[in-house]
$ cat input.txt   # compact mmCIF, C-alpha atoms
# COMPACT_ATOMS: atom_id res chain seq x y z
CA MET X 1 51.60 212.72 155.48
CA THR X 2 52.80 210.88 158.51
CA LEU X 3 53.80 207.40 159.35
CA GLY X 4 50.97 205.03 160.09
CA ILE X 5 50.99 201.39 161.00
CA LEU X 6 49.85 198.10 159.52
CA GLY X 7 47.41 195.90 161.33
CA LYS X 8 45.04 193.02 161.30
CA LYS X 9 41.36 193.02 162.20
CA LEU X 10 40.81 190.53 165.00
CA GLY X 11 37.08 191.03 165.40
CA MET X 12 34.40 193.02 167.11
CA THR X 13 33.05 193.01 170.62
CA GLN X 14 31.81 195.54 173.13
CA ILE X 15 33.32 197.08 176.21
CA PHE X 16 31.88 199.24 178.95
CA LYS X 17 33.30 202.59 179.88
CA ASP X 18 33.53 203.54 183.53
CA ASP X 19 30.35 205.56 183.30
CA GLY X 20 28.51 202.52 182.02
CA THR X 21 28.20 203.44 178.36
CA CYS X 22 28.60 200.47 176.11
CA VAL X 23 31.04 200.98 173.25
CA PRO X 24 31.09 198.77 170.17
CA VAL X 25 34.75 198.15 169.42
CA THR X 26 36.80 196.54 166.72
CA ILE X 27 39.99 195.04 168.04
CA VAL X 28 42.93 195.53 165.71
CA GLN X 29 46.35 194.06 166.12
CA ALA X 30 48.59 196.92 165.01
CA GLY X 31 52.18 195.91 164.54
CA PRO X 32 54.83 195.16 165.50
CA CYS X 33 55.99 196.18 162.05
CA LYS X 34 59.51 196.17 160.65
CA VAL X 35 60.83 198.96 158.48
CA LEU X 36 61.92 197.13 155.34
CA GLN X 37 63.07 200.05 153.25
CA ILE X 38 63.38 203.80 153.31
CA LYS X 39 62.79 205.78 150.16
CA MET X 40 64.47 209.13 149.69
CA ALA X 41 63.82 211.88 147.20
CA ALA X 42 67.52 212.30 146.42
CA ALA X 43 70.17 209.60 146.32
CA VAL X 44 72.48 211.65 148.53
CA GLU X 45 70.07 211.44 151.40
CA HIS X 46 70.37 207.70 151.64
CA PRO X 47 72.52 206.53 154.50
CA GLU X 48 75.92 205.03 153.71
CA GLY X 49 75.76 201.57 152.24
CA HIS X 50 72.58 202.22 150.39
CA ARG X 51 74.18 204.35 147.77
CA THR X 52 74.96 201.57 145.36
CA SER X 53 72.73 199.04 143.79
CA SER X 54 74.03 195.96 142.05
CA MET X 55 72.61 194.75 138.81
CA ASN X 56 73.00 191.34 137.29
CA ARG X 57 73.09 191.55 133.49
CA GLY X 58 73.34 187.84 132.94
CA LYS X 59 76.26 185.73 131.77
CA LYS X 60 77.76 188.16 129.27
CA GLY X 61 76.93 191.42 130.94
CA GLY X 62 78.23 190.39 134.30
CA LYS X 63 77.47 192.10 137.55
CA ALA X 64 77.62 195.85 137.65
CA THR X 65 77.53 198.18 140.56
CA ARG X 66 76.27 201.64 139.96
CA PRO X 67 75.22 204.58 142.04
CA ARG X 68 71.77 204.14 143.41
CA SER X 69 69.25 206.32 141.75
CA ALA X 70 66.94 208.48 143.77
CA ASP X 71 63.52 207.15 144.65
CA GLY X 72 62.03 210.54 143.91
CA TYR X 73 59.88 210.65 147.01
CA TYR X 74 60.05 210.04 150.73
CA ALA X 75 58.46 206.91 152.08
CA VAL X 76 58.77 204.24 154.70
CA GLN X 77 58.07 200.67 153.71
CA LEU X 78 56.65 198.58 156.52
CA GLY X 79 56.26 194.82 156.74
CA PHE X 80 53.78 193.13 159.04
CA ASP X 81 53.05 189.54 160.02
CA ASP X 82 55.85 187.03 159.61
CA LYS X 83 55.85 184.57 156.77
CA PRO X 84 58.15 181.56 156.74
CA ALA X 85 61.01 181.64 154.25
CA ARG X 86 59.81 178.50 152.47
CA VAL X 87 56.75 180.30 151.13
CA THR X 88 58.58 183.54 150.37
CA ASN X 89 60.17 184.13 147.00
CA LYS X 90 63.86 184.83 146.76
CA ALA X 91 63.47 188.41 145.67
CA GLN X 92 61.54 189.19 148.81
CA ILE X 93 63.91 187.25 151.03
CA GLY X 94 66.80 189.27 149.60
CA HIS X 95 64.91 192.50 150.06
CA ASN X 96 64.01 191.71 153.65
CA LYS X 97 67.54 190.59 154.47
CA LYS X 98 68.71 194.18 154.06
CA ALA X 99 66.46 195.06 156.96
CA GLY X 100 67.71 192.12 158.97
CA VAL X 101 64.51 190.13 158.58
CA ASP X 102 64.66 186.40 158.04
CA GLY X 103 61.90 185.13 155.83
CA GLY X 104 59.07 187.24 154.57
CA LYS X 105 56.29 189.50 155.64
CA ARG X 106 52.70 188.85 154.67
CA PHE X 107 51.65 192.46 154.41
CA VAL X 108 54.01 195.08 153.02
CA ARG X 109 52.95 198.65 152.41
CA GLU X 110 54.54 202.05 151.99
CA PHE X 111 53.71 205.23 153.82
CA ARG X 112 54.51 208.44 151.93
CA MET X 113 56.24 211.10 153.99
CA ASP X 114 56.57 214.85 153.61
CA SER X 115 60.22 214.97 154.65
CA ALA X 116 63.13 212.60 155.01
CA PRO X 117 62.12 209.91 157.53
CA GLN X 118 64.27 209.49 160.59
CA LEU X 119 63.80 205.73 160.66
CA LYS X 120 66.13 203.27 159.03
CA ALA X 121 65.62 199.81 157.64
CA GLY X 122 65.35 197.24 160.40
CA ASP X 123 63.66 199.55 162.89
CA ASP X 124 60.55 198.41 164.68
CA VAL X 125 57.29 200.31 164.49
CA THR X 126 54.92 199.44 167.29
CA VAL X 127 51.49 200.58 168.31
CA GLY X 128 53.23 203.18 170.48
CA ILE X 129 53.22 205.57 167.53
CA LEU X 130 49.47 205.93 168.03
CA GLU X 131 49.98 207.17 171.58
CA GLY X 132 48.32 210.54 171.97
CA VAL X 133 46.36 210.06 168.76
CA ASN X 134 42.61 210.23 169.22
CA HIS X 135 41.34 209.33 165.78
CA VAL X 136 42.60 207.20 162.93
CA ASP X 137 41.66 206.51 159.34
CA VAL X 138 41.53 202.82 158.58
CA ALA X 139 41.86 201.37 155.10
CA GLY X 140 41.10 197.79 154.26
CA ILE X 141 39.63 195.48 151.65
CA THR X 142 35.89 195.02 152.02
CA LYS X 143 34.16 191.68 152.12
CA GLY X 144 33.28 190.32 148.70
CA ARG X 145 29.58 190.24 147.86
CA GLY X 146 29.90 188.73 144.42
CA TRP X 147 27.48 189.89 141.76
CA ALA X 148 25.11 192.19 143.61
CA GLY X 149 21.97 194.00 142.55
CA THR X 150 21.42 197.74 142.65
CA ILE X 151 19.72 197.68 146.04
CA LYS X 152 22.68 196.17 147.83
CA ARG X 153 25.33 197.79 145.67
CA HIS X 154 24.06 201.36 145.23
CA ASN X 155 21.47 201.70 147.98
CA PHE X 156 18.58 201.86 145.52
CA SER X 157 15.09 201.59 146.94
CA CYS X 158 12.89 198.58 146.52
CA GLN X 159 9.86 198.82 144.32
CA PRO X 160 6.46 198.28 145.93
CA ALA X 161 5.68 194.78 147.09
CA SER X 162 2.09 195.06 145.96
CA HIS X 163 -0.21 197.61 144.26
CA GLY X 164 -0.08 195.68 141.05
CA ASN X 165 3.69 195.30 140.91
CA SER X 166 4.56 192.27 138.90
CA LEU X 167 7.97 190.66 139.20
CA ASN X 168 9.74 194.02 139.53
CA HIS X 169 10.51 194.27 143.21
CA ARG X 170 14.27 194.52 143.22
CA THR X 171 15.00 195.52 139.65
CA GLY X 172 16.94 198.66 138.89
CA GLY X 173 14.18 200.43 136.95
CA GLY X 174 14.69 202.84 134.11
CA ILE X 175 18.22 203.71 133.00
CA GLY X 176 17.61 206.85 130.97
CA ARG X 177 16.03 208.23 127.83
CA THR X 178 16.20 206.66 124.40
CA ASN X 179 16.94 207.48 120.79
CA SER X 180 17.77 211.03 119.75
CA ILE X 181 18.24 212.57 123.19
CA SER X 182 20.64 210.06 124.60
CA LYS X 183 23.53 208.20 123.20
CA GLY X 184 22.82 204.91 124.84
CA VAL X 185 23.22 204.27 128.56
CA PRO X 186 24.54 207.30 130.45
CA LYS X 187 28.16 206.96 131.50
CA GLY X 188 28.59 205.95 135.13
CA LYS X 189 25.01 204.74 135.44
CA SER X 190 24.82 202.61 138.56
CA MET X 191 23.75 199.11 137.81
CA ALA X 192 24.13 195.62 139.15
CA GLY X 193 27.61 194.17 139.09
CA HIS X 194 30.47 192.95 141.16
CA TYR X 195 30.47 194.43 144.64
CA GLY X 196 32.99 194.24 147.43
CA VAL X 197 36.71 193.42 147.53
CA ASP X 198 37.40 197.14 147.17
CA ARG X 199 39.84 199.21 149.12
CA VAL X 200 37.77 201.36 151.43
CA THR X 201 38.95 203.92 153.97
CA VAL X 202 36.88 204.65 157.06
CA GLN X 203 37.76 208.07 158.37
CA LYS X 204 38.02 209.30 161.90
CA LEU X 205 37.55 206.23 164.01
CA GLU X 206 37.97 206.94 167.67
CA ILE X 207 40.70 205.11 169.54
CA VAL X 208 39.01 203.83 172.66
CA LYS X 209 41.99 202.06 174.16
CA LEU X 210 45.59 201.18 173.37
CA ASP X 211 47.27 198.03 174.57
CA THR X 212 50.98 198.54 174.06
CA VAL X 213 51.89 195.20 175.59
CA ARG X 214 49.99 193.11 173.07
CA ASN X 215 50.01 195.74 170.31
CA LEU X 216 46.25 196.09 170.22
CA VAL X 217 44.09 199.06 169.29
CA TYR X 218 40.45 199.27 170.27
CA LEU X 219 38.58 201.31 167.67
CA ARG X 220 35.05 202.52 168.07
CA GLY X 221 32.92 201.17 165.27
CA ALA X 222 33.51 198.89 162.33
CA VAL X 223 36.41 198.60 159.91
CA PRO X 224 36.33 197.19 156.37
CA GLY X 225 36.89 193.55 155.65
CA HIS X 226 36.63 190.19 157.32
CA ASN X 227 38.30 189.11 160.53
CA ASN X 228 42.04 188.54 160.10
CA GLY X 229 41.99 190.95 157.15
CA TYR X 230 44.86 193.38 156.84
CA LEU X 231 44.45 197.08 157.51
CA LEU X 232 46.33 200.34 157.18
CA LEU X 233 46.02 202.71 160.11
CA ASN X 234 46.81 206.37 159.63
CA LYS X 235 46.42 209.34 161.85
CA SER X 236 43.13 210.89 160.87
CA THR X 237 43.29 213.63 158.28
CA LYS X 238 40.02 215.13 159.42
CA VAL X 239 41.21 216.16 162.86
CA LYS X 240 42.06 219.83 163.17
CA ARG X 241 45.65 220.37 164.18
CA MET B 242 42.57 180.87 173.99
CA ASN B 243 41.22 183.07 171.29
CA ILE B 244 42.54 186.60 171.83
CA LEU B 245 39.14 188.15 171.31
CA HIS B 246 37.67 185.90 173.97
CA GLN B 247 40.56 186.76 176.25
CA ILE B 248 39.91 190.49 175.82
CA GLU B 249 36.26 189.99 176.62
CA VAL B 250 37.09 188.07 179.77
CA GLU B 251 39.37 190.90 180.90
CA HIS B 252 36.57 193.42 180.56
CA MET B 253 33.95 191.23 182.15
CA LYS B 254 33.03 191.33 185.81
CA PRO B 255 35.02 188.66 187.59
CA LYS B 256 31.89 187.33 189.19
CA VAL B 257 28.32 187.90 188.13
CA PRO B 258 25.42 187.04 190.40
CA ASP B 259 24.04 183.62 189.71
CA PHE B 260 20.51 183.93 188.46
CA GLY B 261 18.48 182.15 185.84
CA ILE B 262 15.35 182.25 183.80
CA GLY B 263 12.15 182.39 185.83
CA ASP B 264 13.86 183.78 188.91
CA ARG B 265 12.33 186.67 190.75
CA VAL B 266 15.16 189.15 191.10
CA ASP B 267 15.96 192.59 192.42
CA VAL B 268 18.28 194.38 190.03
CA HIS B 269 20.26 197.07 191.80
CA TYR B 270 21.35 199.60 189.23
CA LEU B 271 22.99 202.99 189.50
CA ILE B 272 21.16 206.03 188.29
CA LYS B 273 22.41 209.56 188.12
CA GLU B 274 20.46 212.28 189.88
CA GLY B 275 22.14 215.58 189.26
CA ASP B 276 25.67 215.03 190.47
CA LYS B 277 24.81 212.21 192.81
CA GLU B 278 24.47 208.58 192.03
CA ARG B 279 22.12 206.32 193.82
CA ILE B 280 20.95 202.79 193.53
CA GLN B 281 17.52 202.01 192.24
CA ILE B 282 15.96 198.61 192.45
CA PHE B 283 13.99 197.01 189.67
CA SER B 284 12.32 193.85 190.84
CA GLY B 285 10.73 191.47 188.42
CA THR B 286 10.97 188.13 186.71
CA VAL B 287 13.83 187.16 184.41
CA ILE B 288 12.09 186.15 181.21
CA ALA B 289 15.10 185.81 178.90
CA ILE B 290 18.87 185.73 178.92
CA GLN B 291 20.58 186.47 175.65
CA GLY B 292 24.13 186.77 174.42
CA ARG B 293 27.42 185.28 175.50
CA GLY B 294 30.35 186.66 177.37
CA ILE B 295 30.39 190.41 177.85
CA ARG B 296 27.36 190.80 175.60
CA ARG B 297 25.12 188.86 177.99
CA VAL B 298 21.85 190.66 178.72
CA ALA B 299 18.89 189.74 180.91
CA LYS B 300 15.31 190.74 180.22
CA VAL B 301 13.41 191.45 183.40
CA ARG B 302 9.63 191.90 183.45
CA ARG B 303 7.44 193.32 186.14
CA MET B 304 3.96 194.73 186.41
CA VAL B 305 3.62 198.41 187.24
CA SER B 306 0.05 199.43 188.02
CA GLY B 307 -1.43 196.92 185.64
CA GLU B 308 1.02 197.63 182.86
CA GLY B 309 3.82 195.22 181.95
CA VAL B 310 7.28 196.78 182.00
CA GLU B 311 10.33 195.04 180.62
CA ARG B 312 13.89 196.23 181.01
CA ILE B 313 16.99 194.82 179.43
CA PHE B 314 20.05 194.81 181.66
CA PRO B 315 23.55 194.16 180.36
CA VAL B 316 24.83 191.82 183.02
CA HIS B 317 28.43 193.06 182.83
CA SER B 318 27.63 196.75 182.84
CA PRO B 319 29.33 198.64 185.67
CA ARG B 320 25.99 200.32 186.33
CA ILE B 321 24.48 197.05 187.48
CA ALA B 322 25.55 197.01 191.10
CA ASP B 323 23.96 193.76 192.12
CA VAL B 324 21.31 191.23 191.25
CA LYS B 325 19.63 189.62 194.24
CA VAL B 326 17.60 186.49 193.70
CA ARG B 327 14.39 186.63 195.69
CA GLU B 328 13.09 183.29 194.57
CA LYS B 329 14.26 180.75 192.08
CA GLY B 330 11.75 179.77 189.48
CA LYS B 331 10.95 176.39 188.05
CA VAL B 332 10.48 176.78 184.34
CA ARG B 333 10.53 174.47 181.36
CA ARG B 334 11.66 176.81 178.65
CA ALA B 335 14.46 179.31 178.03
CA LYS B 336 12.33 182.26 176.99
CA LEU B 337 9.22 183.08 179.01
CA TYR B 338 7.61 185.35 176.47
CA TYR B 339 4.31 183.55 176.94
CA ILE B 340 3.75 185.36 180.23
CA ARG B 341 3.26 188.58 178.30
CA ASP B 342 -0.12 187.25 177.23
CA LEU B 343 -1.12 186.21 180.74
CA GLU B 344 -2.54 188.24 183.55
CA GLY B 345 -2.79 188.06 187.31
CA LYS B 346 -2.37 184.72 188.96
CA ALA B 347 -1.55 182.98 185.71
CA THR B 348 1.78 184.79 185.49
CA ARG B 349 3.07 183.16 188.64
CA ILE B 350 6.02 180.87 188.24
CA LYS B 351 6.44 177.85 190.44
CA PRO B 352 9.33 178.21 192.83
CA ASN B 353 12.24 175.91 192.31
CA MET B 354 12.91 173.84 195.40
CA GLY B 355 16.51 172.92 195.23
CA LYS B 356 16.62 170.90 192.04
CA PRO B 357 19.08 172.13 189.42
CA ARG B 358 17.32 174.48 187.11
CA PHE B 359 18.45 172.96 183.87
CA PRO B 360 19.79 169.46 184.31
CA ARG B 361 23.08 169.24 182.51
CA SER B 362 23.21 166.90 179.57
CA THR B 363 23.88 163.28 180.34
CA ARG B 364 27.28 163.50 178.71
CA SER B 365 28.61 166.09 181.12
CA LYS B 366 27.16 164.11 184.02
CA LYS B 367 29.23 161.13 183.06
CA ALA B 368 32.27 163.35 182.67
CA ALA B 369 32.00 164.56 186.24
CA PRO B 370 30.79 161.68 188.42
CA ALA B 371 32.33 163.27 191.51
CA ALA B 372 29.53 165.80 191.63
CA THR B 373 26.82 163.23 192.33

$ encode --input "input.txt" --output "structure tokens"
Amino acid sequence: MTLGILGKKLGMTQIFKDDGTCVPVTIVQAGPCKVLQIKMAAAVEHPEGHRTSSMNRGKKGGKATRPRSADGYYAVQLGFDDKPARVTNKAQIGHNKKAGVDGGKRFVREFRMDSAPQLKAGDDVTVGILEGVNHVDVAGITKGRGWAGTIKRHNFSCQPASHGNSLNHRTGGGIGRTNSISKGVPKGKSMAGHYGVDRVTVQKLEIVKLDTVRNLVYLRGAVPGHNNGYLLLNKSTKVKR
Amino acid sequence: MNILHQIEVEHMKPKVPDFGIGDRVDVHYLIKEGDKERIQIFSGTVIAIQGRGIRRVAKVRRMVSGEGVERIFPVHSPRIADVKVREKGKVRRAKLYYIRDLEGKATRIKPNMGKPRFPRSTRSKKAAPAAT
């Protein structure tokens, strides 16, 4: 598990390579992200100043300072896209202040790490971390399709348009046997229902181009979600190391 | 400017040859022959232009030994070396698909003698009176 980066889908277009091949690309603004918090498996590993956490127990309990407990795992929390302080709640403002960030971040996610991360809160993570990386996995929230039938949702086939078919062109068809053999509808039977607004990861998207000045990544192919939707970019797990 | 538009502009050719629908053109495009590259010319009539920005493509039709051949050229492709306009055409529609059904002399398109191909809308004329 390595550090990835947070991004935003800007949209799709096409570019030509030097040999004339036309590449469909999604342009993703990746970063700049701020490290908001570092999580360590053991409390000792935390840098000085992070060892204590204060706790407000209300009027009678008073404020207490106690040794910070371990997070139990290694992770880096990144924040992306600034949000003005007036729309950020106080808990988040306080949290971000520790990383030297005024106001809030619209998209905050953690990246689990195998070992203690070398970064510290307040560090910047830019698209430069994707330098030398050929493929990435991109996770995002897909576009909502509302209540969708089985053809759109589960790639069922249509029924014949003619040959005596009556009003059953896009219906799901049979859902299993009845009575003694079955106990009702089989579990996990694919049917019509709400579709979209799911977290989906697209694996192994080729990085066509990196723009470190504007923090842009050009990915070959499509990524989940609408334009201006937020994305998580990770180094691809499918690439042989 | 929209960043996506800006990116497209950066990848576009700074200047594309000026040609329009109905023009008789020679499209000079690079083809690979073994290790060498050479320019081949496809001459025909532009029957449609589709897409905006870097996605702009032109459909060019010509007759090859009695058979109609249409090729679609991405205008901004680096493999399109040049487009030379042989003759400007005077046409009254944006897509000339009707010439697919015609043969021989009927497929000819009247040459355009100097008049602007598509008169700009009256609004833009008023906006730029210096041009007249």

$ residues_around --input "input.txt" --residues "segment 282-289 of chain B" --least-positions-apart "2" --cutoff "6 Å" --atoms "only C-alpha atoms" --output "ChimeraX atom specification"
/B:262-269,299-303,336-337

$ interface_residues --input "input.txt" --of "chain X" --to "chain B" --cutoff "12 Å" --atoms "only C-alpha atoms" --output "PyMOL selection string"
chain X and resi 9-29+209+211+214-218+227-228

$ atom_distance --input "input.txt" --atom1 "atom CA of Arg106 of chain X" --atom2 "atom CA of Lys83 of chain X"
5.7 Å

$ residues_near_point --input "input.txt" --point "(59.4, 198.6, 160.0)" --cutoff "7 Å" --atoms "all atoms listed in the file" --output "list in words"
Cys33, Lys34, Val35, Leu36, Gln77, Leu78, Gly79, Ala121, Gly122, Asp123, Asp124 and Val125 of chain X

$ residues_near_point --input "input.txt" --point "(53.1, 200.0, 161.4)" --cutoff "10 Å" --atoms "only C-alpha atoms" --output "VMD selection string"
chain X and resid 3 to 7 30 to 35 76 to 80 108 to 111 124 to 130 231 to 234

$ atom_distance --input "input.txt" --atom1 "atom CA of Val202 of chain X" --atom2 "atom CA of Gly221 of chain X"
9.8 Å

$ atom_distance --input "input.txt" --atom1 "atom CA of His194 of chain X" --atom2 "atom CA of Pro160 of chain X"
25.1 Å

$ decode --input "input.txt" --residues "segment 85-99 of chain X" --atoms "N, CA, C and O atoms" --output "mmCIF file, in the first residue's frame"
data_model
loop_
_atom_site.group_PDB
_atom_site.id
_atom_site.type_symbol
_atom_site.label_atom_id
_atom_site.label_comp_id
_atom_site.auth_asym_id
_atom_site.auth_seq_id
_atom_site.Cartn_x
_atom_site.Cartn_y
_atom_site.Cartn_z
ATOM 1 N N ALA X 85 -13.627 28.931 5.368
ATOM 2 C CA ALA X 85 -13.867 28.600 6.770
ATOM 3 C C ALA X 85 -15.335 28.761 7.149
ATOM 4 O O ALA X 85 -15.846 28.066 8.031
ATOM 5 N N ARG X 86 -16.042 29.677 6.462
ATOM 6 C CA ARG X 86 -17.427 29.940 6.878
ATOM 7 C C ARG X 86 -18.349 28.758 6.603
ATOM 8 O O ARG X 86 -19.423 28.662 7.186
ATOM 9 N N VAL X 87 -17.957 27.857 5.717
ATOM 10 C CA VAL X 87 -18.805 26.692 5.479
ATOM 11 C C VAL X 87 -18.194 25.425 6.093
ATOM 12 O O VAL X 87 -18.653 24.323 5.824
ATOM 13 N N THR X 88 -17.144 25.600 6.882
ATOM 14 C CA THR X 88 -16.498 24.452 7.495
ATOM 15 C C THR X 88 -16.866 24.409 8.978
ATOM 16 O O THR X 88 -16.907 25.458 9.633
ATOM 17 N N ASN X 89 -17.153 23.231 9.490
ATOM 18 C CA ASN X 89 -17.501 23.187 10.905
ATOM 19 C C ASN X 89 -16.254 23.285 11.780
ATOM 20 O O ASN X 89 -15.138 23.079 11.327
ATOM 21 N N LYS X 90 -16.490 23.621 13.043
ATOM 22 C CA LYS X 90 -15.362 23.978 13.899
ATOM 23 C C LYS X 90 -14.441 22.801 14.153
ATOM 24 O O LYS X 90 -13.233 22.966 14.322
ATOM 25 N N ALA X 91 -15.022 21.626 14.219
ATOM 26 C CA ALA X 91 -14.195 20.439 14.446
ATOM 27 C C ALA X 91 -13.178 20.278 13.337
ATOM 28 O O ALA X 91 -11.998 20.010 13.572
ATOM 29 N N GLN X 92 -13.638 20.499 12.115
ATOM 30 C CA GLN X 92 -12.726 20.353 10.980
ATOM 31 C C GLN X 92 -11.707 21.482 10.937
ATOM 32 O O GLN X 92 -10.538 21.264 10.619
ATOM 33 N N ILE X 93 -12.157 22.686 11.261
ATOM 34 C CA ILE X 93 -11.218 23.815 11.274
ATOM 35 C C ILE X 93 -10.102 23.535 12.265
ATOM 36 O O ILE X 93 -8.920 23.733 11.980
ATOM 37 N N GLY X 94 -10.489 23.020 13.453
ATOM 38 C CA GLY X 94 -9.490 22.708 14.483
ATOM 39 C C GLY X 94 -8.549 21.612 14.016
ATOM 40 O O GLY X 94 -7.340 21.679 14.231
ATOM 41 N N HIS X 95 -9.099 20.638 13.368
ATOM 42 C CA HIS X 95 -8.303 19.509 12.875
ATOM 43 C C HIS X 95 -7.305 19.983 11.830
ATOM 44 O O HIS X 95 -6.128 19.614 11.851
ATOM 45 N N ASN X 96 -7.790 20.838 10.916
ATOM 46 C CA ASN X 96 -6.924 21.304 9.839
ATOM 47 C C ASN X 96 -5.854 22.262 10.347
ATOM 48 O O ASN X 96 -4.785 22.370 9.757
ATOM 49 N N LYS X 97 -6.183 22.979 11.426
ATOM 50 C CA LYS X 97 -5.244 23.962 11.954
ATOM 51 C C LYS X 97 -3.947 23.290 12.367
ATOM 52 O O LYS X 97 -2.865 23.872 12.261
ATOM 53 N N LYS X 98 -4.043 22.054 12.847
ATOM 54 C CA LYS X 98 -2.842 21.325 13.251
ATOM 55 C C LYS X 98 -1.898 21.113 12.075
ATOM 56 O O LYS X 98 -0.693 20.960 12.241
ATOM 57 N N ALA X 99 -2.470 21.094 10.873
ATOM 58 C CA ALA X 99 -1.634 20.934 9.696
ATOM 59 C C ALA X 99 -1.312 22.282 9.056
ATOM 60 O O ALA X 99 -0.769 22.345 7.960
#
